[in-house]
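For reference, work-v5.pdb is printed below; it contains PDB, C-alpha atoms.
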ATOM      1  CA  MET A   1      14.322 -12.889 -53.521
ATOM      2  CA  ASN A   2      17.612 -11.414 -52.351
ATOM      3  CA  SER A   3      19.396 -12.287 -49.114
ATOM      4  CA  LYS A   4      18.075  -9.275 -47.198
ATOM      5  CA  GLN A   5      14.459 -10.023 -48.180
ATOM      6  CA  ARG A   6      14.913 -13.682 -47.262
ATOM      7  CA  LYS A   7      16.306 -12.734 -43.850
ATOM      8  CA  SER A   8      13.421 -10.297 -43.234
ATOM      9  CA  THR A   9      10.876 -12.915 -44.258
ATOM     10  CA  LEU A  10      12.466 -15.526 -41.978
ATOM     11  CA  TYR A  11      12.449 -13.041 -39.075
ATOM     12  CA  LEU A  12       8.768 -12.250 -39.631
ATOM     13  CA  VAL A  13       7.811 -15.926 -39.914
ATOM     14  CA  GLN A  14       9.760 -16.835 -36.758
ATOM     15  CA  SER A  15       8.104 -13.973 -34.852
ATOM     16  CA  ALA A  16       4.650 -15.046 -36.018
ATOM     17  CA  ILE A  17       5.271 -18.680 -35.062
ATOM     18  CA  ILE A  18       6.492 -17.659 -31.599
ATOM     19  CA  ALA A  19       3.428 -15.421 -31.113
ATOM     20  CA  ALA A  20       1.145 -18.252 -32.221
ATOM     21  CA  LEU A  21       2.883 -20.736 -29.902
ATOM     22  CA  TYR A  22       2.542 -18.314 -26.979
ATOM     23  CA  VAL A  23      -1.193 -17.921 -27.614
ATOM     24  CA  ALA A  24      -1.709 -21.668 -28.182
ATOM     25  CA  VAL A  25       0.113 -22.675 -24.991
ATOM     26  CA  ASN A  26      -1.754 -20.034 -22.996
ATOM     27  CA  TYR A  27      -5.101 -21.059 -24.482
ATOM     28  CA  GLY A  28      -4.395 -24.728 -23.797
ATOM     29  CA  GLN A  29      -3.453 -23.957 -20.223
ATOM     30  CA  GLU A  30      -6.636 -21.968 -19.673
ATOM     31  CA  LEU A  31      -8.656 -24.783 -21.187
ATOM     32  CA  PHE A  32      -7.237 -27.471 -18.914
ATOM     33  CA  LEU A  33      -6.145 -25.415 -15.874
ATOM     34  CA  PRO A  34      -8.419 -22.360 -15.835
ATOM     35  CA  PHE A  35      -7.327 -19.251 -13.944
ATOM     36  CA  ILE A  36      -3.880 -20.535 -12.932
ATOM     37  CA  SER A  37      -2.229 -18.194 -15.443
ATOM     38  CA  THR A  38      -4.178 -14.994 -14.778
ATOM     39  CA  VAL A  39      -5.796 -15.014 -11.346
ATOM     40  CA  GLY A  40      -4.176 -14.897  -7.942
ATOM     41  CA  PRO A  41      -0.863 -13.556  -6.758
ATOM     42  CA  VAL A  42       1.200 -16.594  -7.826
ATOM     43  CA  GLN A  43       0.479 -17.074 -11.508
ATOM     44  CA  PHE A  44       1.994 -19.862 -13.575
ATOM     45  CA  ARG A  45       1.626 -18.795 -17.188
ATOM     46  CA  LEU A  46       3.298 -21.701 -18.967
ATOM     47  CA  SER A  47       3.578 -19.707 -22.196
ATOM     48  CA  GLU A  48       6.186 -17.531 -20.433
ATOM     49  CA  VAL A  49       8.634 -20.432 -20.789
ATOM     50  CA  LEU A  50       8.857 -19.329 -24.415
ATOM     51  CA  CYS A  51      10.802 -16.285 -23.187
ATOM     52  CA  THR A  52      13.700 -18.728 -23.402
ATOM     53  CA  LEU A  53      13.553 -18.210 -27.162
ATOM     54  CA  ALA A  54      14.682 -14.593 -26.701
ATOM     55  CA  VAL A  55      18.098 -15.994 -25.791
ATOM     56  CA  LEU A  56      18.294 -17.818 -29.108
ATOM     57  CA  THR A  57      16.763 -15.430 -31.665
ATOM     58  CA  PRO A  58      15.896 -11.720 -31.804
ATOM     59  CA  ALA A  59      12.691 -12.696 -33.632
ATOM     60  CA  ALA A  60      11.388 -13.796 -30.231
ATOM     61  CA  ILE A  61      11.172 -10.190 -29.029
ATOM     62  CA  PRO A  62       8.206  -9.080 -31.168
ATOM     63  CA  GLY A  63       6.813 -12.630 -31.189
ATOM     64  CA  LEU A  64       6.622 -12.790 -27.400
ATOM     65  CA  ALA A  65       5.181  -9.284 -27.103
ATOM     66  CA  VAL A  66       2.466  -9.924 -29.695
ATOM     67  CA  GLY A  67       1.743 -13.370 -28.218
ATOM     68  CA  CYS A  68       1.398 -11.891 -24.736
ATOM     69  CA  LEU A  69      -0.890  -9.107 -25.973
ATOM     70  CA  LEU A  70      -3.125 -11.506 -27.899
ATOM     71  CA  SER A  71      -3.233 -13.905 -24.934
ATOM     72  CA  ASN A  72      -4.190 -11.083 -22.581
ATOM     73  CA  ILE A  73      -6.951  -9.952 -24.932
ATOM     74  CA  VAL A  74      -8.645 -13.368 -24.918
ATOM     75  CA  SER A  75      -7.763 -14.514 -21.370
ATOM     76  CA  VAL A  76     -10.322 -14.707 -18.611
ATOM     77  CA  GLY A  77      -9.833 -12.171 -15.836
ATOM     78  CA  VAL A  78      -7.337  -9.920 -17.626
ATOM     79  CA  LEU A  79      -8.136  -6.218 -17.506
ATOM     80  CA  PRO A  80      -7.136  -3.670 -20.181
ATOM     81  CA  LEU A  81      -4.455  -2.245 -17.885
ATOM     82  CA  ASP A  82      -2.822  -5.667 -17.643
ATOM     83  CA  MET A  83      -2.944  -6.016 -21.418
ATOM     84  CA  VAL A  84      -0.655  -2.997 -21.619
ATOM     85  CA  LEU A  85       1.540  -3.600 -18.561
ATOM     86  CA  GLY A  86       1.836  -7.365 -19.015
ATOM     87  CA  THR A  87       2.823  -6.899 -22.646
ATOM     88  CA  LEU A  88       5.312  -4.195 -21.651
ATOM     89  CA  ALA A  89       6.868  -6.483 -19.025
ATOM     90  CA  THR A  90       7.217  -9.324 -21.530
ATOM     91  CA  PHE A  91       8.652  -7.023 -24.206
ATOM     92  CA  LEU A  92      11.234  -5.474 -21.867
ATOM     93  CA  ALA A  93      12.168  -8.890 -20.492
ATOM     94  CA  ALA A  94      12.682 -10.245 -24.020
ATOM     95  CA  VAL A  95      14.826  -7.266 -25.067
ATOM     96  CA  CYS A  96      17.019  -7.620 -21.984
ATOM     97  CA  ALA A  97      17.168 -11.406 -22.295
ATOM     98  CA  TYR A  98      18.440 -11.099 -25.855
ATOM     99  CA  SER A  99      20.933  -8.397 -24.816
ATOM    100  CA  LEU A 100      22.344 -10.557 -22.002
ATOM    101  CA  ARG A 101      22.357 -13.845 -23.950
ATOM    102  CA  ASN A 102      26.155 -14.126 -24.008
ATOM    103  CA  LEU A 103      26.515 -13.642 -20.245
ATOM    104  CA  LYS A 104      26.500 -17.219 -18.987
ATOM    105  CA  LEU A 105      27.031 -19.089 -15.759
ATOM    106  CA  PHE A 106      27.859 -22.801 -16.148
ATOM    107  CA  ASN A 107      27.248 -22.321 -19.883
ATOM    108  CA  VAL A 108      23.608 -21.338 -19.226
ATOM    109  CA  PRO A 109      22.310 -17.748 -19.724
ATOM    110  CA  PHE A 110      20.745 -17.554 -16.253
ATOM    111  CA  PHE A 111      20.792 -13.736 -16.295
ATOM    112  CA  SER A 112      18.736 -13.729 -19.502
ATOM    113  CA  LEU A 113      16.307 -16.299 -18.158
ATOM    114  CA  PHE A 114      15.811 -14.185 -15.016
ATOM    115  CA  MET A 115      14.622 -11.146 -16.988
ATOM    116  CA  PRO A 116      10.914 -12.190 -17.075
ATOM    117  CA  VAL A 117      11.120 -12.918 -13.338
ATOM    118  CA  ILE A 118      12.484  -9.432 -12.633
ATOM    119  CA  PHE A 119      10.341  -7.401 -15.051
ATOM    120  CA  ASN A 120       7.063  -9.158 -14.239
ATOM    121  CA  GLY A 121       7.843  -9.073 -10.520
ATOM    122  CA  ILE A 122       8.374  -5.314 -10.612
ATOM    123  CA  ILE A 123       5.793  -4.200 -13.198
ATOM    124  CA  ILE A 124       2.963  -6.587 -12.326
ATOM    125  CA  GLY A 125       3.789  -6.329  -8.609
ATOM    126  CA  LEU A 126       3.379  -2.540  -8.832
ATOM    127  CA  GLU A 127       0.208  -2.938 -10.866
ATOM    128  CA  ILE A 128      -1.357  -5.217  -8.259
ATOM    129  CA  GLU A 129      -0.297  -3.059  -5.304
ATOM    130  CA  ILE A 130      -1.391   0.241  -6.879
ATOM    131  CA  PHE A 131      -4.574  -0.766  -8.709
ATOM    132  CA  PHE A 132      -5.935  -3.871  -6.994
ATOM    133  CA  ILE A 133      -5.108  -3.493  -3.298
ATOM    134  CA  ASP A 134      -7.361  -1.160  -1.315
ATOM    135  CA  GLY A 135      -5.718   1.633   0.614
ATOM    136  CA  PRO A 136      -2.575   3.657   0.054
ATOM    137  CA  PHE A 137       0.521   2.247  -1.650
ATOM    138  CA  GLU A 138       2.702   0.311   0.761
ATOM    139  CA  PHE A 139       6.242  -0.689  -0.134
ATOM    140  CA  ALA A 140       5.944  -3.881   1.914
ATOM    141  CA  GLY A 141       2.787  -4.723  -0.014
ATOM    142  CA  PHE A 142       4.603  -4.147  -3.290
ATOM    143  CA  LEU A 143       7.436  -6.431  -2.166
ATOM    144  CA  LEU A 144       4.906  -9.124  -1.276
ATOM    145  CA  GLN A 145       2.924  -8.806  -4.525
ATOM    146  CA  GLY A 146       6.039  -8.514  -6.686
ATOM    147  CA  GLY A 147       7.651 -11.438  -4.878
ATOM    148  CA  LEU A 148       4.624 -13.653  -5.473
ATOM    149  CA  VAL A 149       4.497 -12.735  -9.169
ATOM    150  CA  ALA A 150       8.253 -13.362  -9.428
ATOM    151  CA  LEU A 151       7.804 -16.738  -7.735
ATOM    152  CA  GLY A 152       5.410 -17.877 -10.448
ATOM    153  CA  GLU A 153       7.720 -16.549 -13.161
ATOM    154  CA  PHE A 154      10.680 -18.287 -11.525
ATOM    155  CA  GLY A 155       8.819 -21.584 -11.610
ATOM    156  CA  VAL A 156       8.125 -21.219 -15.313
ATOM    157  CA  CYS A 157      11.196 -19.378 -16.627
ATOM    158  CA  ILE A 158      13.918 -21.013 -14.533
ATOM    159  CA  VAL A 159      12.613 -24.402 -13.420
ATOM    160  CA  LEU A 160      11.132 -25.129 -16.866
ATOM    161  CA  GLY A 161      13.141 -22.633 -18.922
ATOM    162  CA  VAL A 162      16.633 -23.945 -18.170
ATOM    163  CA  PRO A 163      15.896 -27.501 -19.377
ATOM    164  CA  LEU A 164      14.093 -26.050 -22.418
ATOM    165  CA  TYR A 165      17.125 -23.902 -23.226
ATOM    166  CA  LEU A 166      19.495 -26.847 -22.833
ATOM    167  CA  TRP A 167      17.371 -28.832 -25.287
ATOM    168  CA  LEU A 168      16.775 -26.012 -27.795
ATOM    169  CA  ARG A 169      20.407 -24.959 -28.068
ATOM    170  CA  LYS A 170      21.231 -28.419 -29.453
ATOM    171  CA  LEU A 171      18.806 -28.050 -32.348
ATOM    172  CA  PRO A 172      20.437 -27.246 -35.710
ATOM    173  CA  ILE A 173      18.234 -24.184 -36.214
ATOM    174  CA  PHE A 174      19.789 -22.563 -33.116
ATOM    175  CA  ASP A 175      23.331 -23.886 -33.607
ATOM    176  CA  SER A 176      25.495 -20.767 -33.582
ATOM    177  CA  LYS A 177      28.446 -22.650 -35.106
ATOM    178  CA  GLN A 178      26.709 -23.021 -38.462
TER     179      GLN A 178
END
Translate the structure of the given file into structure tokens.
Amino acid sequence: MNSKQRKSTLYLVQSAIIAALYVAVNYGQELFLPFISTVGPVQFRLSEVLCTLAVLTPAAIPGLAVGCLLSNIVSVGVLPLDMVLGTLATFLAAVCAYSLRNLKLFNVPFFSLFMPVIFNGIIIGLEIEIFFIDGPFEFAGFLLQGGLVALGEFGVCIVLGVPLYLWLRKLPIFDSKQ
């Protein structure tokens, strides 16, 4: 196996492991804390903390998107529209997180870690306001719905994501000096 094939295989394996971890964490959360990740305006999907991996490897981008899609397919209370929009939000957040990974504040890529907060707040906030709230679209309603979604993402991606990042970056597999 040549170097290019080895690199492609490693990328595919990393993506698959990240997707599997996302699904496993989401499934475990639904098993022990049902509905907290998919129902209600403030959702704490613990598997979203894995978006931190997008800062450390590009393999996280497809891994997170596939993991989110698979989780949405098997999750309780998730509609087909959310399968598409939730996956889109996670994919876009991962792409932007990877793109901004070198922009750091206090040696932490806060801007990258905020991408799931922003994309889910906007996309899922719009989804809730347009498709799940009766009556005409109201900008104030969107701000409320998007803000509540972003609050849950903030709790997972920043409160839990920053310590996870600080731990992961010390692991030899993510050591950029090697």
**Message:** For this structure, which residues satisfy the selection - the PyMOL selection byres ((chain A and resi 60-76) around 6) - when it is evaluated on the file as given? I want them as a list in words.
**Reply:** Ser15, Ala16, Ile18, Ala19, Tyr22, Val23, Leu53, Ala54, Thr57, Pro58, Ala59, Gly77, Val78, Met83, Thr87, Thr90, Phe91 and Ala94 of chain A
* Asked: Exactly which residues make up the result of the PyMOL selection byres ((chain A and resi 52) around 8) on this file, given as a ChimeraX atom specification?
  -> /A:49-51,53-56,113,157,161-162,164-165
Exercise: Gly155 in chain A partners within 12 Å, all atoms listed in the file, chain neighbours under 6 positions left out, as a CSV table (one decimal) with C-alpha atoms, in the coordinates of the input:
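And here's part-v8.csv as it stands now:
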chain,number,residue,atom,x,y,z
A,42,VAL,CA,1.2,-16.6,-7.8
A,43,GLN,CA,0.5,-17.1,-11.5
A,44,PHE,CA,2.0,-19.9,-13.6
A,45,ARG,CA,1.6,-18.8,-17.2
A,46,LEU,CA,3.3,-21.7,-19.0
A,47,SER,CA,3.6,-19.7,-22.2
A,48,GLU,CA,6.2,-17.5,-20.4
A,49,VAL,CA,8.6,-20.4,-20.8
A,113,LEU,CA,16.3,-16.3,-18.2
A,114,PHE,CA,15.8,-14.2,-15.0
A,116,PRO,CA,10.9,-12.2,-17.1
A,117,VAL,CA,11.1,-12.9,-13.3
A,148,LEU,CA,4.6,-13.7,-5.5
A,149,VAL,CA,4.5,-12.7,-9.2
A,161,GLY,CA,13.1,-22.6,-18.9
A,162,VAL,CA,16.6,-23.9,-18.2
Exercise. Written as a VMD selection string, what is the full residue list that the PyMOL selection byres ((chain A and resi 99-101) around 8) yields on the file shown?
Worked result: chain A and resid 55 to 56 95 to 98 102 to 104 109 111 to 112
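With CA of Gly152 in chain A on one side and CA of Gly125 in chain A on the other, the separation reads 11.8 Å.
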Listed atoms of range 1-14 of chain A, axis-aligned box, 6 Å per side: centre and edge lengths to one decimal in Å, as lines of an AutoDock Vina configuration file?
center_x = 13.6
center_y = -13.1
center_z = -45.1
size_x = 23.6
size_y = 19.6
size_z = 28.8
- Rank nothing, just name the residue among A:Asn120, A:Leu88, A:Phe110, A:Ile133 nearest to Val159 in chain A, using only C-alpha atoms.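 The closest residue to Val159 in chain A is A:Phe110.
Computed from the coordinates, the CA of Phe106 in chain A to CA of Leu92 in chain A distance equals 24.7 Å.
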Expressed in Å, the length from CA of Gly121 in chain A to CA of Asp82 in chain A is 13.3 Å
For range 141-172 of chain A, supply N, CA and C atoms and format the output as a compact mmCIF listing (two decimals), in the frame of the given file.
# COMPACT_ATOMS: atom_id res chain seq x y z
N GLY A 141 3.79 -4.07 0.81
CA GLY A 141 2.79 -4.72 -0.01
C GLY A 141 3.30 -4.97 -1.42
N PHE A 142 4.01 -3.98 -1.96
CA PHE A 142 4.60 -4.15 -3.29
C PHE A 142 5.61 -5.29 -3.28
N LEU A 143 6.45 -5.34 -2.26
CA LEU A 143 7.44 -6.43 -2.17
C LEU A 143 6.75 -7.79 -2.11
N LEU A 144 5.65 -7.87 -1.37
CA LEU A 144 4.91 -9.12 -1.28
C LEU A 144 4.29 -9.49 -2.64
N GLN A 145 3.58 -8.54 -3.24
CA GLN A 145 2.92 -8.81 -4.53
C GLN A 145 3.95 -9.12 -5.62
N GLY A 146 4.99 -8.29 -5.69
CA GLY A 146 6.04 -8.51 -6.69
C GLY A 146 6.76 -9.83 -6.46
N GLY A 147 6.99 -10.17 -5.19
CA GLY A 147 7.65 -11.44 -4.88
C GLY A 147 6.81 -12.64 -5.28
N LEU A 148 5.51 -12.55 -5.09
CA LEU A 148 4.62 -13.65 -5.47
C LEU A 148 4.55 -13.81 -6.99
N VAL A 149 4.49 -12.68 -7.70
CA VAL A 149 4.50 -12.74 -9.17
C VAL A 149 5.83 -13.33 -9.64
N ALA A 150 6.92 -12.86 -9.06
CA ALA A 150 8.25 -13.36 -9.43
C ALA A 150 8.39 -14.85 -9.13
N LEU A 151 7.76 -15.31 -8.08
CA LEU A 151 7.80 -16.74 -7.74
C LEU A 151 7.19 -17.58 -8.86
N GLY A 152 6.04 -17.17 -9.34
CA GLY A 152 5.41 -17.88 -10.45
C GLY A 152 6.26 -17.84 -11.70
N GLU A 153 6.84 -16.68 -12.00
CA GLU A 153 7.72 -16.55 -13.16
C GLU A 153 8.97 -17.40 -12.99
N PHE A 154 9.50 -17.46 -11.79
CA PHE A 154 10.68 -18.29 -11.52
C PHE A 154 10.37 -19.75 -11.82
N GLY A 155 9.21 -20.20 -11.37
CA GLY A 155 8.82 -21.58 -11.61
C GLY A 155 8.76 -21.92 -13.09
N VAL A 156 8.27 -20.97 -13.88
CA VAL A 156 8.12 -21.22 -15.31
C VAL A 156 9.44 -20.96 -16.05
N CYS A 157 10.05 -19.80 -15.81
CA CYS A 157 11.20 -19.38 -16.63
C CYS A 157 12.52 -20.02 -16.22
N ILE A 158 12.66 -20.40 -14.97
CA ILE A 158 13.92 -21.01 -14.53
C ILE A 158 13.76 -22.52 -14.41
N VAL A 159 12.79 -22.96 -13.63
CA VAL A 159 12.61 -24.40 -13.42
C VAL A 159 12.31 -25.12 -14.74
N LEU A 160 11.44 -24.54 -15.57
CA LEU A 160 11.13 -25.13 -16.87
C LEU A 160 12.01 -24.56 -17.99
N GLY A 161 12.40 -23.31 -17.86
CA GLY A 161 13.14 -22.63 -18.92
C GLY A 161 14.57 -23.13 -19.12
N VAL A 162 15.25 -23.46 -18.04
CA VAL A 162 16.63 -23.94 -18.17
C VAL A 162 16.68 -25.27 -18.94
N PRO A 163 15.88 -26.27 -18.57
CA PRO A 163 15.90 -27.50 -19.38
C PRO A 163 15.47 -27.26 -20.83
N LEU A 164 14.51 -26.36 -21.05
CA LEU A 164 14.09 -26.05 -22.42
C LEU A 164 15.26 -25.44 -23.19
N TYR A 165 15.96 -24.51 -22.58
CA TYR A 165 17.12 -23.90 -23.23
C TYR A 165 18.18 -24.96 -23.56
N LEU A 166 18.48 -25.82 -22.61
CA LEU A 166 19.50 -26.85 -22.83
C LEU A 166 19.12 -27.76 -24.00
N TRP A 167 17.84 -28.01 -24.17
CA TRP A 167 17.37 -28.83 -25.29
C TRP A 167 17.40 -28.04 -26.60
N LEU A 168 16.87 -26.82 -26.58
CA LEU A 168 16.77 -26.01 -27.80
C LEU A 168 18.14 -25.66 -28.39
N ARG A 169 19.10 -25.38 -27.54
CA ARG A 169 20.41 -24.96 -28.07
C ARG A 169 21.09 -26.06 -28.87
N LYS A 170 20.66 -27.30 -28.70
CA LYS A 170 21.23 -28.42 -29.45
C LYS A 170 20.60 -28.58 -30.84
N LEU A 171 19.48 -27.92 -31.06
CA LEU A 171 18.81 -28.05 -32.35
C LEU A 171 19.59 -27.31 -33.43
N PRO A 172 19.66 -27.88 -34.63
CA PRO A 172 20.44 -27.25 -35.71
C PRO A 172 19.99 -25.82 -36.03
